[in-house]
Amino acid sequence: MFIKILLTIVFLAVTVGVGFYSRKQARSVDGFVLGGRAVGPWLTAFAYGTSYFSAVVFVGYAGQFGWKYGLSSTWIGVGNAVIGSLLAWLVLGRRTKTMTQRIESRTMPDFFGTRYQSQGLRVAASIIAFVFLIPYTAGVYKGISTLFEMGFGIPYEYCVIIMAILTAVYVILGGYKATAMNDFIQGIIMLFGIVAVIAAVLASQGGLSEAVAKMAEIPADGAAATTEGSGGFASLFGPDPWNLLGVVILTSLGTWGLPQMVGKFYSITDESAIKRGTIISTIFAFIVAGGCYFLGGFGRLFGTPPTLPNGRLDFDSIVPSMLASLPDFMIALVVLLVLSASMSTLASLVLTSSSTMTLDLIYRDKKSLPGEVEEGSIDDIVSERVERRKVVVMRVLIVFFIAISLLIALNPPTFIAQLMGISWGALAGAFLAPFMLGLYWRGTTTASVWACFIWGVGITVINMLLGNPINPINCGAIAMVGGFPVVWIVSLLTPKMEKKTVGWMFGE
(Lines give C-alpha, C1' and ligand atoms only; values in the text may rest on other atoms or scores of the structure.)
Protein backbone atom coordinates (compact mmCIF):
# COMPACT_ATOMS: atom_id res chain seq x y z
CA MET A 1 0.00 0.00 0.00
CA PHE A 2 2.91 2.34 0.78
CA ILE A 3 4.29 1.87 -2.76
CA LYS A 4 0.89 2.50 -4.35
CA ILE A 5 0.28 5.64 -2.30
CA LEU A 6 3.81 6.99 -2.87
CA LEU A 7 3.70 6.53 -6.67
CA THR A 8 0.25 8.09 -6.87
CA ILE A 9 1.24 11.11 -4.77
CA VAL A 10 4.34 11.71 -6.92
CA PHE A 11 2.25 11.42 -10.09
CA LEU A 12 -0.41 13.84 -8.85
CA ALA A 13 2.23 16.31 -7.61
CA VAL A 14 3.88 16.36 -11.05
CA THR A 15 0.49 16.84 -12.70
CA VAL A 16 -0.44 19.84 -10.58
CA GLY A 17 3.12 21.19 -10.89
CA VAL A 18 2.81 21.24 -14.67
CA GLY A 19 -0.39 23.25 -14.25
CA PHE A 20 1.46 25.88 -12.20
CA TYR A 21 4.34 25.90 -14.71
CA SER A 22 2.00 26.54 -17.65
CA ARG A 23 -0.24 29.16 -16.06
CA LYS A 24 1.61 32.12 -17.63
CA GLN A 25 0.78 30.81 -21.12
CA ALA A 26 -2.92 30.50 -20.28
CA ARG A 27 -3.78 34.17 -19.88
CA SER A 28 -5.13 34.73 -23.40
CA VAL A 29 -7.89 32.79 -25.14
CA ASP A 30 -5.53 31.35 -27.77
CA GLY A 31 -3.06 30.40 -25.06
CA PHE A 32 -5.70 28.79 -22.83
CA VAL A 33 -7.59 26.92 -25.58
CA LEU A 34 -4.92 26.20 -28.23
CA GLY A 35 -1.56 26.64 -26.53
CA GLY A 36 -0.88 29.57 -28.86
CA ARG A 37 -1.17 27.26 -31.91
CA ALA A 38 2.47 26.31 -31.33
CA VAL A 39 2.35 22.82 -29.83
CA GLY A 40 4.91 20.40 -31.31
CA PRO A 41 4.30 16.97 -32.88
CA TRP A 42 5.21 14.86 -29.84
CA LEU A 43 2.95 16.77 -27.46
CA THR A 44 0.11 16.90 -30.00
CA ALA A 45 0.36 13.20 -30.88
CA PHE A 46 0.36 12.16 -27.25
CA ALA A 47 -2.46 14.61 -26.49
CA TYR A 48 -4.48 13.02 -29.30
CA GLY A 49 -3.77 9.49 -28.10
CA THR A 50 -4.31 10.07 -24.40
CA SER A 51 -7.57 11.94 -25.11
CA TYR A 52 -8.64 8.97 -27.25
CA PHE A 53 -7.91 6.19 -24.74
CA SER A 54 -9.05 6.43 -21.14
CA ALA A 55 -10.60 4.28 -18.43
CA VAL A 56 -13.57 4.01 -20.78
CA VAL A 57 -11.41 1.86 -23.04
CA PHE A 58 -9.26 0.11 -20.43
CA VAL A 59 -12.07 -0.77 -18.01
CA GLY A 60 -15.37 -0.42 -19.88
CA TYR A 61 -14.74 -1.35 -23.49
CA ALA A 62 -11.89 -3.84 -22.98
CA GLY A 63 -13.93 -5.69 -20.36
CA GLN A 64 -17.30 -5.74 -22.10
CA PHE A 65 -16.12 -6.42 -25.65
CA GLY A 66 -13.39 -8.78 -24.56
CA TRP A 67 -16.11 -10.81 -22.85
CA LYS A 68 -18.39 -10.72 -25.89
CA TYR A 69 -15.87 -11.26 -28.69
CA GLY A 70 -12.85 -12.87 -27.04
CA LEU A 71 -9.45 -12.33 -28.62
CA SER A 72 -11.06 -10.95 -31.79
CA SER A 73 -11.78 -7.77 -29.79
CA THR A 74 -8.13 -6.90 -30.61
CA TRP A 75 -9.48 -5.82 -34.03
CA ILE A 76 -11.09 -2.87 -32.26
CA GLY A 77 -7.63 -1.67 -31.19
CA VAL A 78 -6.28 -2.23 -34.70
CA GLY A 79 -9.18 -0.20 -36.12
CA ASN A 80 -8.52 2.57 -33.60
CA ALA A 81 -4.88 2.75 -34.75
CA VAL A 82 -5.48 2.57 -38.51
CA ILE A 83 -8.78 4.44 -38.89
CA GLY A 84 -9.00 6.47 -35.69
CA SER A 85 -5.37 7.62 -35.70
CA LEU A 86 -3.49 7.09 -38.99
CA LEU A 87 -6.30 7.95 -41.43
CA ALA A 88 -7.67 10.69 -39.18
CA TRP A 89 -4.32 12.48 -39.22
CA LEU A 90 -3.82 11.93 -42.96
CA VAL A 91 -7.31 13.06 -43.98
CA LEU A 92 -8.05 15.77 -41.41
CA GLY A 93 -4.70 16.96 -40.03
CA ARG A 94 -3.35 19.38 -42.63
CA ARG A 95 -6.76 20.50 -43.90
CA THR A 96 -8.01 21.26 -40.40
CA LYS A 97 -4.86 23.17 -39.46
CA THR A 98 -4.80 25.35 -42.58
CA MET A 99 -8.52 26.10 -42.89
CA THR A 100 -9.15 26.81 -39.21
CA GLN A 101 -6.13 29.11 -39.11
CA ARG A 102 -7.34 30.92 -42.24
CA ILE A 103 -10.86 31.49 -40.91
CA GLU A 104 -9.56 32.07 -37.35
CA SER A 105 -11.58 29.23 -35.87
CA ARG A 106 -10.82 28.12 -32.31
CA THR A 107 -13.46 25.44 -31.76
CA MET A 108 -15.52 23.03 -33.86
CA PRO A 109 -18.78 25.03 -33.37
CA ASP A 110 -16.82 28.13 -34.41
CA PHE A 111 -15.79 26.25 -37.57
CA PHE A 112 -19.42 25.45 -38.40
CA GLY A 113 -20.51 29.04 -37.77
CA THR A 114 -17.80 30.58 -39.97
CA ARG A 115 -17.51 27.90 -42.66
CA TYR A 116 -21.27 27.84 -43.26
CA GLN A 117 -21.93 31.49 -42.36
CA SER A 118 -24.51 30.73 -39.69
CA GLN A 119 -24.44 31.89 -36.09
CA GLY A 120 -27.37 29.53 -35.49
CA LEU A 121 -25.21 26.54 -36.42
CA ARG A 122 -22.50 27.80 -34.10
CA VAL A 123 -24.89 28.01 -31.16
CA ALA A 124 -26.56 24.67 -31.92
CA ALA A 125 -23.20 22.90 -32.24
CA SER A 126 -21.97 24.34 -28.94
CA ILE A 127 -25.08 23.13 -27.12
CA ILE A 128 -24.81 19.65 -28.69
CA ALA A 129 -21.13 19.45 -27.73
CA PHE A 130 -21.73 20.56 -24.14
CA VAL A 131 -24.69 18.24 -23.53
CA PHE A 132 -23.28 15.08 -25.08
CA LEU A 133 -19.75 15.40 -23.70
CA ILE A 134 -21.27 15.01 -20.23
CA PRO A 135 -22.16 11.27 -20.42
CA TYR A 136 -18.72 10.50 -21.86
CA THR A 137 -17.08 12.37 -18.99
CA ALA A 138 -19.27 10.49 -16.49
CA GLY A 139 -18.16 7.21 -18.07
CA VAL A 140 -14.50 8.17 -17.64
CA TYR A 141 -15.08 9.02 -13.97
CA LYS A 142 -16.79 5.69 -13.39
CA GLY A 143 -14.01 3.72 -15.05
CA ILE A 144 -11.15 5.33 -13.18
CA SER A 145 -12.95 5.15 -9.83
CA THR A 146 -13.69 1.44 -10.26
CA LEU A 147 -9.95 0.76 -10.62
CA PHE A 148 -9.05 3.08 -7.76
CA GLU A 149 -11.53 1.34 -5.48
CA MET A 150 -9.94 -2.01 -6.35
CA GLY A 151 -6.37 -0.80 -5.89
CA PHE A 152 -6.73 1.30 -2.75
CA GLY A 153 -9.96 0.16 -1.13
CA ILE A 154 -11.26 3.75 -1.20
CA PRO A 155 -15.06 3.99 -1.66
CA TYR A 156 -16.15 4.74 -5.22
CA GLU A 157 -17.78 8.07 -4.32
CA TYR A 158 -14.59 9.47 -2.78
CA CYS A 159 -12.54 8.38 -5.80
CA VAL A 160 -14.84 10.21 -8.19
CA ILE A 161 -14.73 13.43 -6.19
CA ILE A 162 -10.92 13.36 -5.79
CA MET A 163 -10.39 12.84 -9.54
CA ALA A 164 -12.77 15.68 -10.36
CA ILE A 165 -10.97 18.13 -8.08
CA LEU A 166 -7.48 17.21 -9.32
CA THR A 167 -8.49 17.48 -12.99
CA ALA A 168 -10.10 20.86 -12.39
CA VAL A 169 -6.98 22.21 -10.65
CA TYR A 170 -4.45 21.62 -13.41
CA VAL A 171 -6.77 22.46 -16.33
CA ILE A 172 -7.91 25.71 -14.71
CA LEU A 173 -4.30 26.67 -13.95
CA GLY A 174 -2.58 25.88 -17.23
CA GLY A 175 -5.21 25.37 -19.95
CA TYR A 176 -4.29 23.45 -23.10
CA LYS A 177 -0.51 23.71 -22.71
CA ALA A 178 -0.67 22.12 -19.25
CA THR A 179 -2.99 19.48 -20.62
CA ALA A 180 -0.65 18.68 -23.53
CA MET A 181 2.44 18.50 -21.31
CA ASN A 182 0.68 16.25 -18.82
CA ASP A 183 -0.63 14.14 -21.70
CA PHE A 184 2.95 13.47 -22.77
CA ILE A 185 3.98 12.36 -19.28
CA GLN A 186 0.81 10.30 -18.90
CA GLY A 187 1.26 8.78 -22.36
CA ILE A 188 4.72 7.47 -21.45
CA ILE A 189 3.23 5.82 -18.37
CA MET A 190 0.46 4.29 -20.50
CA LEU A 191 2.92 2.80 -23.01
CA PHE A 192 5.07 1.09 -20.40
CA GLY A 193 2.12 0.25 -18.19
CA ILE A 194 0.03 -1.63 -20.75
CA VAL A 195 2.99 -3.78 -21.86
CA ALA A 196 3.86 -4.68 -18.27
CA VAL A 197 0.25 -5.46 -17.32
CA ILE A 198 -0.30 -7.74 -20.33
CA ALA A 199 2.89 -9.64 -19.53
CA ALA A 200 1.86 -10.07 -15.87
CA VAL A 201 -1.69 -11.21 -16.68
CA LEU A 202 -0.53 -13.73 -19.31
CA ALA A 203 2.13 -15.05 -16.93
CA SER A 204 -0.60 -15.73 -14.37
CA GLN A 205 -2.27 -17.99 -16.97
CA GLY A 206 0.86 -19.91 -17.88
CA GLY A 207 1.98 -17.75 -20.80
CA LEU A 208 0.51 -16.62 -24.11
CA SER A 209 0.10 -20.02 -25.79
CA GLU A 210 -1.47 -21.58 -22.70
CA ALA A 211 -3.89 -18.66 -22.29
CA VAL A 212 -4.95 -18.83 -25.97
CA ALA A 213 -5.45 -22.60 -25.66
CA LYS A 214 -7.70 -22.06 -22.65
CA MET A 215 -9.73 -19.47 -24.57
CA ALA A 216 -10.18 -21.92 -27.46
CA GLU A 217 -11.82 -24.39 -25.11
CA ILE A 218 -14.62 -22.00 -24.14
CA PRO A 219 -17.85 -22.48 -26.17
CA ALA A 220 -19.04 -19.46 -28.09
CA ASP A 221 -22.30 -19.39 -26.12
CA GLY A 222 -20.34 -18.50 -22.98
CA ALA A 223 -21.12 -21.71 -21.10
CA ALA A 224 -18.57 -23.31 -18.80
CA ALA A 225 -15.31 -24.28 -20.46
CA THR A 226 -15.09 -27.81 -21.89
CA THR A 227 -12.38 -29.63 -23.77
CA GLU A 228 -14.71 -29.77 -26.75
CA GLY A 229 -15.44 -26.08 -26.99
CA SER A 230 -16.10 -24.32 -30.30
CA GLY A 231 -13.01 -22.12 -30.05
CA GLY A 232 -15.08 -19.07 -31.04
CA PHE A 233 -13.45 -16.79 -28.50
CA ALA A 234 -9.98 -17.59 -29.84
CA SER A 235 -10.92 -17.38 -33.54
CA LEU A 236 -9.87 -14.62 -35.94
CA PHE A 237 -13.20 -12.75 -36.09
CA GLY A 238 -14.87 -14.15 -32.97
CA PRO A 239 -18.41 -15.39 -32.40
CA ASP A 240 -20.20 -12.21 -33.59
CA PRO A 241 -18.26 -10.45 -36.38
CA TRP A 242 -21.06 -8.08 -37.48
CA ASN A 243 -21.58 -6.50 -34.07
CA LEU A 244 -17.80 -6.42 -33.70
CA LEU A 245 -17.68 -4.36 -36.90
CA GLY A 246 -20.16 -1.88 -35.39
CA VAL A 247 -17.86 -1.37 -32.41
CA VAL A 248 -14.85 -0.85 -34.71
CA ILE A 249 -16.75 1.81 -36.68
CA LEU A 250 -18.00 3.66 -33.60
CA THR A 251 -14.68 3.73 -31.75
CA SER A 252 -12.50 4.38 -34.83
CA LEU A 253 -14.46 6.63 -37.18
CA GLY A 254 -16.04 8.45 -34.26
CA THR A 255 -12.86 10.35 -33.42
CA TRP A 256 -13.12 12.19 -36.75
CA GLY A 257 -16.17 14.07 -35.51
CA LEU A 258 -15.41 14.65 -31.83
CA PRO A 259 -14.57 18.27 -30.85
CA GLN A 260 -11.98 17.26 -28.26
CA MET A 261 -10.10 15.13 -30.81
CA VAL A 262 -10.24 17.36 -33.89
CA GLY A 263 -9.22 20.32 -31.74
CA LYS A 264 -5.72 18.84 -31.46
CA PHE A 265 -5.11 19.66 -35.15
CA TYR A 266 -5.90 23.34 -34.51
CA SER A 267 -2.94 23.79 -32.18
CA ILE A 268 -0.08 21.92 -33.90
CA THR A 269 2.79 24.08 -35.17
CA ASP A 270 3.08 23.33 -38.91
CA GLU A 271 2.70 20.73 -41.68
CA SER A 272 6.02 19.00 -40.98
CA ALA A 273 4.89 18.52 -37.39
CA ILE A 274 1.67 16.95 -38.68
CA LYS A 275 3.67 14.33 -40.61
CA ARG A 276 5.68 13.36 -37.54
CA GLY A 277 2.62 13.49 -35.33
CA THR A 278 0.83 11.04 -37.65
CA ILE A 279 3.52 8.38 -37.14
CA ILE A 280 3.81 8.93 -33.38
CA SER A 281 0.05 8.88 -32.83
CA THR A 282 -0.44 5.68 -34.85
CA ILE A 283 2.29 3.77 -33.02
CA PHE A 284 0.87 4.96 -29.70
CA ALA A 285 -2.61 3.74 -30.67
CA PHE A 286 -1.36 0.31 -31.80
CA ILE A 287 0.35 -0.28 -28.46
CA VAL A 288 -2.23 1.20 -26.10
CA ALA A 289 -5.54 0.40 -27.82
CA GLY A 290 -4.37 -2.90 -29.27
CA GLY A 291 -2.96 -3.85 -25.88
CA CYS A 292 -6.12 -2.91 -23.95
CA TYR A 293 -8.46 -4.97 -26.14
CA PHE A 294 -6.01 -7.87 -26.38
CA LEU A 295 -5.85 -7.93 -22.58
CA GLY A 296 -9.65 -7.74 -22.26
CA GLY A 297 -9.99 -10.68 -24.64
CA PHE A 298 -8.75 -13.01 -21.89
CA GLY A 299 -11.43 -11.87 -19.41
CA ARG A 300 -13.33 -15.19 -19.45
CA LEU A 301 -10.33 -16.98 -17.95
CA PHE A 302 -10.88 -15.13 -14.68
CA GLY A 303 -14.43 -16.30 -13.95
CA THR A 304 -17.91 -14.91 -14.54
CA PRO A 305 -18.41 -11.29 -13.41
CA PRO A 306 -21.00 -10.54 -10.71
CA THR A 307 -24.63 -9.92 -11.62
CA LEU A 308 -26.27 -6.51 -11.25
CA PRO A 309 -29.72 -6.06 -9.63
CA ASN A 310 -31.31 -6.03 -13.11
CA GLY A 311 -29.89 -9.49 -13.83
CA ARG A 312 -27.21 -8.36 -16.32
CA LEU A 313 -23.53 -9.08 -15.91
CA ASP A 314 -21.40 -6.28 -14.45
CA PHE A 315 -19.03 -5.91 -17.40
CA ASP A 316 -17.22 -2.99 -15.76
CA SER A 317 -15.89 -5.34 -13.07
CA ILE A 318 -14.15 -7.73 -15.50
CA VAL A 319 -10.82 -5.92 -15.93
CA PRO A 320 -10.52 -5.02 -12.21
CA SER A 321 -11.06 -8.70 -11.34
CA MET A 322 -8.29 -9.68 -13.81
CA LEU A 323 -5.87 -7.36 -12.06
CA ALA A 324 -6.85 -7.91 -8.42
CA SER A 325 -4.44 -10.84 -7.92
CA LEU A 326 -1.37 -9.03 -9.30
CA PRO A 327 1.48 -7.98 -6.98
CA ASP A 328 1.15 -4.62 -5.23
CA PHE A 329 3.71 -2.96 -7.47
CA MET A 330 1.80 -4.06 -10.60
CA ILE A 331 -1.49 -2.84 -9.14
CA ALA A 332 0.17 0.50 -8.45
CA LEU A 333 1.31 0.58 -12.09
CA VAL A 334 -2.22 -0.25 -13.27
CA VAL A 335 -3.68 2.53 -11.15
CA LEU A 336 -1.17 5.00 -12.61
CA LEU A 337 -1.90 3.67 -16.11
CA VAL A 338 -5.64 4.22 -15.80
CA LEU A 339 -5.16 7.44 -13.84
CA SER A 340 -2.93 8.75 -16.65
CA ALA A 341 -5.33 7.69 -19.38
CA SER A 342 -8.38 9.09 -17.64
CA MET A 343 -7.09 12.41 -16.36
CA SER A 344 -5.78 13.31 -19.82
CA THR A 345 -9.16 12.50 -21.36
CA LEU A 346 -11.04 14.36 -18.63
CA ALA A 347 -8.83 17.42 -19.10
CA SER A 348 -9.48 17.41 -22.84
CA LEU A 349 -13.24 17.01 -22.35
CA VAL A 350 -13.68 19.76 -19.78
CA LEU A 351 -11.45 22.17 -21.71
CA THR A 352 -13.38 21.51 -24.92
CA SER A 353 -16.78 21.94 -23.31
CA SER A 354 -15.90 25.13 -21.42
CA SER A 355 -14.20 26.79 -24.40
CA THR A 356 -17.10 25.87 -26.66
CA MET A 357 -19.69 27.35 -24.33
CA THR A 358 -17.63 30.50 -23.72
CA LEU A 359 -16.55 31.30 -27.28
CA ASP A 360 -19.57 30.01 -29.18
CA LEU A 361 -22.51 30.70 -26.88
CA ILE A 362 -21.64 33.45 -24.40
CA TYR A 363 -19.13 35.43 -26.53
CA ARG A 364 -19.68 35.18 -30.27
CA ASP A 365 -17.22 37.46 -32.04
CA LYS A 366 -18.22 38.38 -35.57
CA LYS A 367 -15.47 37.68 -38.10
CA SER A 368 -14.88 39.89 -41.13
CA LEU A 369 -15.15 38.16 -44.48
CA PRO A 370 -13.10 39.16 -47.53
CA GLY A 371 -14.24 42.53 -48.83
CA GLU A 372 -15.92 43.50 -45.56
CA VAL A 373 -14.71 46.33 -43.38
CA GLU A 374 -14.74 46.00 -39.61
CA GLU A 375 -16.88 48.66 -37.98
CA GLY A 376 -14.82 50.71 -35.56
CA SER A 377 -11.60 49.78 -33.78
CA ILE A 378 -11.20 48.33 -30.34
CA ASP A 379 -8.57 49.70 -28.04
CA ASP A 380 -5.84 47.17 -27.24
CA ILE A 381 -6.34 47.53 -23.49
CA VAL A 382 -10.09 46.90 -23.78
CA SER A 383 -9.41 43.94 -26.05
CA GLU A 384 -6.98 42.46 -23.52
CA ARG A 385 -9.56 42.85 -20.76
CA VAL A 386 -12.15 41.03 -22.85
CA GLU A 387 -9.68 38.22 -23.51
CA ARG A 388 -9.00 37.84 -19.80
CA ARG A 389 -12.71 37.88 -19.05
CA LYS A 390 -13.26 35.05 -21.51
CA VAL A 391 -10.55 32.99 -19.84
CA VAL A 392 -12.20 33.58 -16.44
CA VAL A 393 -15.58 32.47 -17.80
CA MET A 394 -13.99 29.33 -19.26
CA ARG A 395 -12.48 28.50 -15.89
CA VAL A 396 -15.85 28.93 -14.19
CA LEU A 397 -17.54 26.72 -16.77
CA ILE A 398 -14.88 24.02 -16.24
CA VAL A 399 -16.06 23.79 -12.63
CA PHE A 400 -19.71 23.74 -13.75
CA PHE A 401 -19.13 21.01 -16.34
CA ILE A 402 -17.17 18.84 -13.90
CA ALA A 403 -19.92 19.23 -11.28
CA ILE A 404 -22.64 18.02 -13.66
CA SER A 405 -20.52 15.08 -14.84
CA LEU A 406 -19.77 14.25 -11.22
CA LEU A 407 -23.47 14.02 -10.36
CA ILE A 408 -24.03 11.56 -13.22
CA ALA A 409 -20.92 9.54 -12.30
CA LEU A 410 -22.15 9.19 -8.70
CA ASN A 411 -25.36 7.62 -10.03
CA PRO A 412 -24.35 6.13 -13.42
CA PRO A 413 -27.42 5.06 -15.41
CA THR A 414 -25.76 2.30 -17.43
CA PHE A 415 -22.49 0.63 -18.36
CA ILE A 416 -19.45 2.68 -19.31
CA ALA A 417 -19.61 1.38 -22.88
CA GLN A 418 -23.21 2.52 -23.29
CA LEU A 419 -22.46 5.98 -21.89
CA MET A 420 -19.71 6.36 -24.48
CA GLY A 421 -21.95 4.99 -27.25
CA ILE A 422 -24.61 7.61 -26.55
CA SER A 423 -22.05 10.42 -26.40
CA TRP A 424 -20.01 9.46 -29.47
CA GLY A 425 -23.10 8.54 -31.49
CA ALA A 426 -24.74 11.93 -31.05
CA LEU A 427 -21.57 14.01 -31.41
CA ALA A 428 -19.96 12.22 -34.34
CA GLY A 429 -23.35 11.53 -35.95
CA ALA A 430 -24.04 15.27 -35.96
CA PHE A 431 -20.54 16.64 -36.63
CA LEU A 432 -18.48 14.12 -38.60
CA ALA A 433 -19.99 14.41 -42.09
CA PRO A 434 -20.42 18.23 -42.23
CA PHE A 435 -16.97 18.81 -40.74
CA MET A 436 -15.08 16.44 -43.05
CA LEU A 437 -17.03 17.34 -46.18
CA GLY A 438 -16.74 21.02 -45.25
CA LEU A 439 -12.96 20.71 -45.41
CA TYR A 440 -12.96 19.14 -48.89
CA TRP A 441 -16.24 19.82 -50.72
CA ARG A 442 -17.19 23.36 -51.64
CA GLY A 443 -20.74 22.30 -52.42
CA THR A 444 -21.67 21.52 -48.81
CA THR A 445 -24.59 23.76 -47.83
CA THR A 446 -25.77 25.30 -44.58
CA ALA A 447 -29.07 23.43 -44.78
CA SER A 448 -27.27 20.09 -45.05
CA VAL A 449 -25.42 20.78 -41.79
CA TRP A 450 -28.72 21.47 -40.02
CA ALA A 451 -30.10 18.24 -41.45
CA CYS A 452 -27.09 16.27 -40.17
CA PHE A 453 -27.37 17.83 -36.70
CA ILE A 454 -31.01 16.72 -36.56
CA TRP A 455 -30.11 13.26 -37.90
CA GLY A 456 -27.23 12.54 -35.49
CA VAL A 457 -28.87 13.84 -32.33
CA GLY A 458 -32.34 12.68 -33.35
CA ILE A 459 -31.53 9.01 -33.96
CA THR A 460 -29.47 8.81 -30.75
CA VAL A 461 -32.09 10.46 -28.52
CA ILE A 462 -35.06 8.59 -30.04
CA ASN A 463 -33.27 5.27 -29.63
CA MET A 464 -32.49 6.15 -26.02
CA LEU A 465 -36.10 7.21 -25.25
CA LEU A 466 -37.43 3.98 -26.75
CA GLY A 467 -35.27 1.93 -24.40
CA ASN A 468 -32.41 1.32 -26.86
CA PRO A 469 -34.08 -1.17 -29.28
CA ILE A 470 -30.85 -0.72 -31.26
CA ASN A 471 -27.73 -1.28 -29.18
CA PRO A 472 -26.28 2.22 -28.43
CA ILE A 473 -22.98 1.13 -29.96
CA ASN A 474 -24.56 0.06 -33.26
CA CYS A 475 -26.88 3.09 -33.19
CA GLY A 476 -23.85 5.36 -32.89
CA ALA A 477 -22.18 3.67 -35.86
CA ILE A 478 -25.36 4.07 -37.94
CA ALA A 479 -25.57 7.76 -36.98
CA MET A 480 -21.98 8.42 -38.11
CA VAL A 481 -22.10 6.60 -41.42
CA GLY A 482 -25.63 7.80 -42.20
CA GLY A 483 -24.59 11.44 -41.86
CA PHE A 484 -22.67 11.34 -45.16
CA PRO A 485 -25.64 10.56 -47.44
CA VAL A 486 -27.74 13.06 -45.45
CA VAL A 487 -25.26 15.90 -46.08
CA TRP A 488 -24.67 14.90 -49.70
CA ILE A 489 -28.37 14.61 -50.67
CA VAL A 490 -29.48 17.79 -48.87
CA SER A 491 -26.54 19.74 -50.34
CA LEU A 492 -27.61 18.75 -53.85
CA LEU A 493 -31.16 19.98 -53.19
CA THR A 494 -30.49 23.26 -51.35
CA PRO A 495 -28.94 26.65 -52.34
CA LYS A 496 -25.15 26.84 -52.46
CA MET A 497 -23.05 29.36 -50.56
CA GLU A 498 -21.54 32.39 -52.30
CA LYS A 499 -18.56 31.30 -54.43
CA LYS A 500 -16.35 34.21 -53.38
CA THR A 501 -16.78 33.44 -49.68
CA VAL A 502 -16.17 29.72 -50.15
CA GLY A 503 -13.15 30.41 -52.35
CA TRP A 504 -11.57 32.54 -49.62
CA MET A 505 -12.06 29.73 -47.10
CA PHE A 506 -10.27 27.33 -49.45
CA GLY A 507 -7.33 29.73 -49.84
CA GLU A 508 -8.14 31.38 -53.18
# chains A, B, ... in the order shown; residues from 1 in each chain; ligands from 1
$ closest_atom_pairs --of "stretch 156-251 of chain A" --to "stretch 481-486 of chain A" --cutoff "12 Å" --atoms "only C-alpha atoms" --output "JSON lines"
{"residue": "A:Gly246", "atom": "CA", "partner": "A:Val481", "partner_atom": "CA", "distance": 10.6}
{"residue": "A:Ile249", "atom": "CA", "partner": "A:Val481", "partner_atom": "CA", "distance": 8.6}
{"residue": "A:Leu250", "atom": "CA", "partner": "A:Val481", "partner_atom": "CA", "distance": 9.3}
$ write_last_selection --atoms "C-alpha atoms" --output "short mmCIF file (atom, residue, chain, number, x, y, z; two decimals), in the first residue's frame"
data_model
loop_
_atom_site.label_atom_id
_atom_site.label_comp_id
_atom_site.auth_asym_id
_atom_site.auth_seq_id
_atom_site.Cartn_x
_atom_site.Cartn_y
_atom_site.Cartn_z
CA GLY A 246 -20.16 -1.88 -35.39
CA ILE A 249 -16.75 1.81 -36.68
CA LEU A 250 -18.00 3.66 -33.60
#
$ closest_residue --among "A:Val29, A:Val490, A:Ile268, A:Ala477" --to "A:Gly429" --atoms "only C-alpha atoms"
A:Ala477
$ atom_distance --atom1 "atom CA of A:Ile9" --atom2 "atom CA of A:Ser54"
19.9 Å
$ closest_residue --among "A:Val33, A:Leu173, A:Ile83, A:Ala234" --to "A:Pro219" --atoms "only C-alpha atoms"
A:Ala234
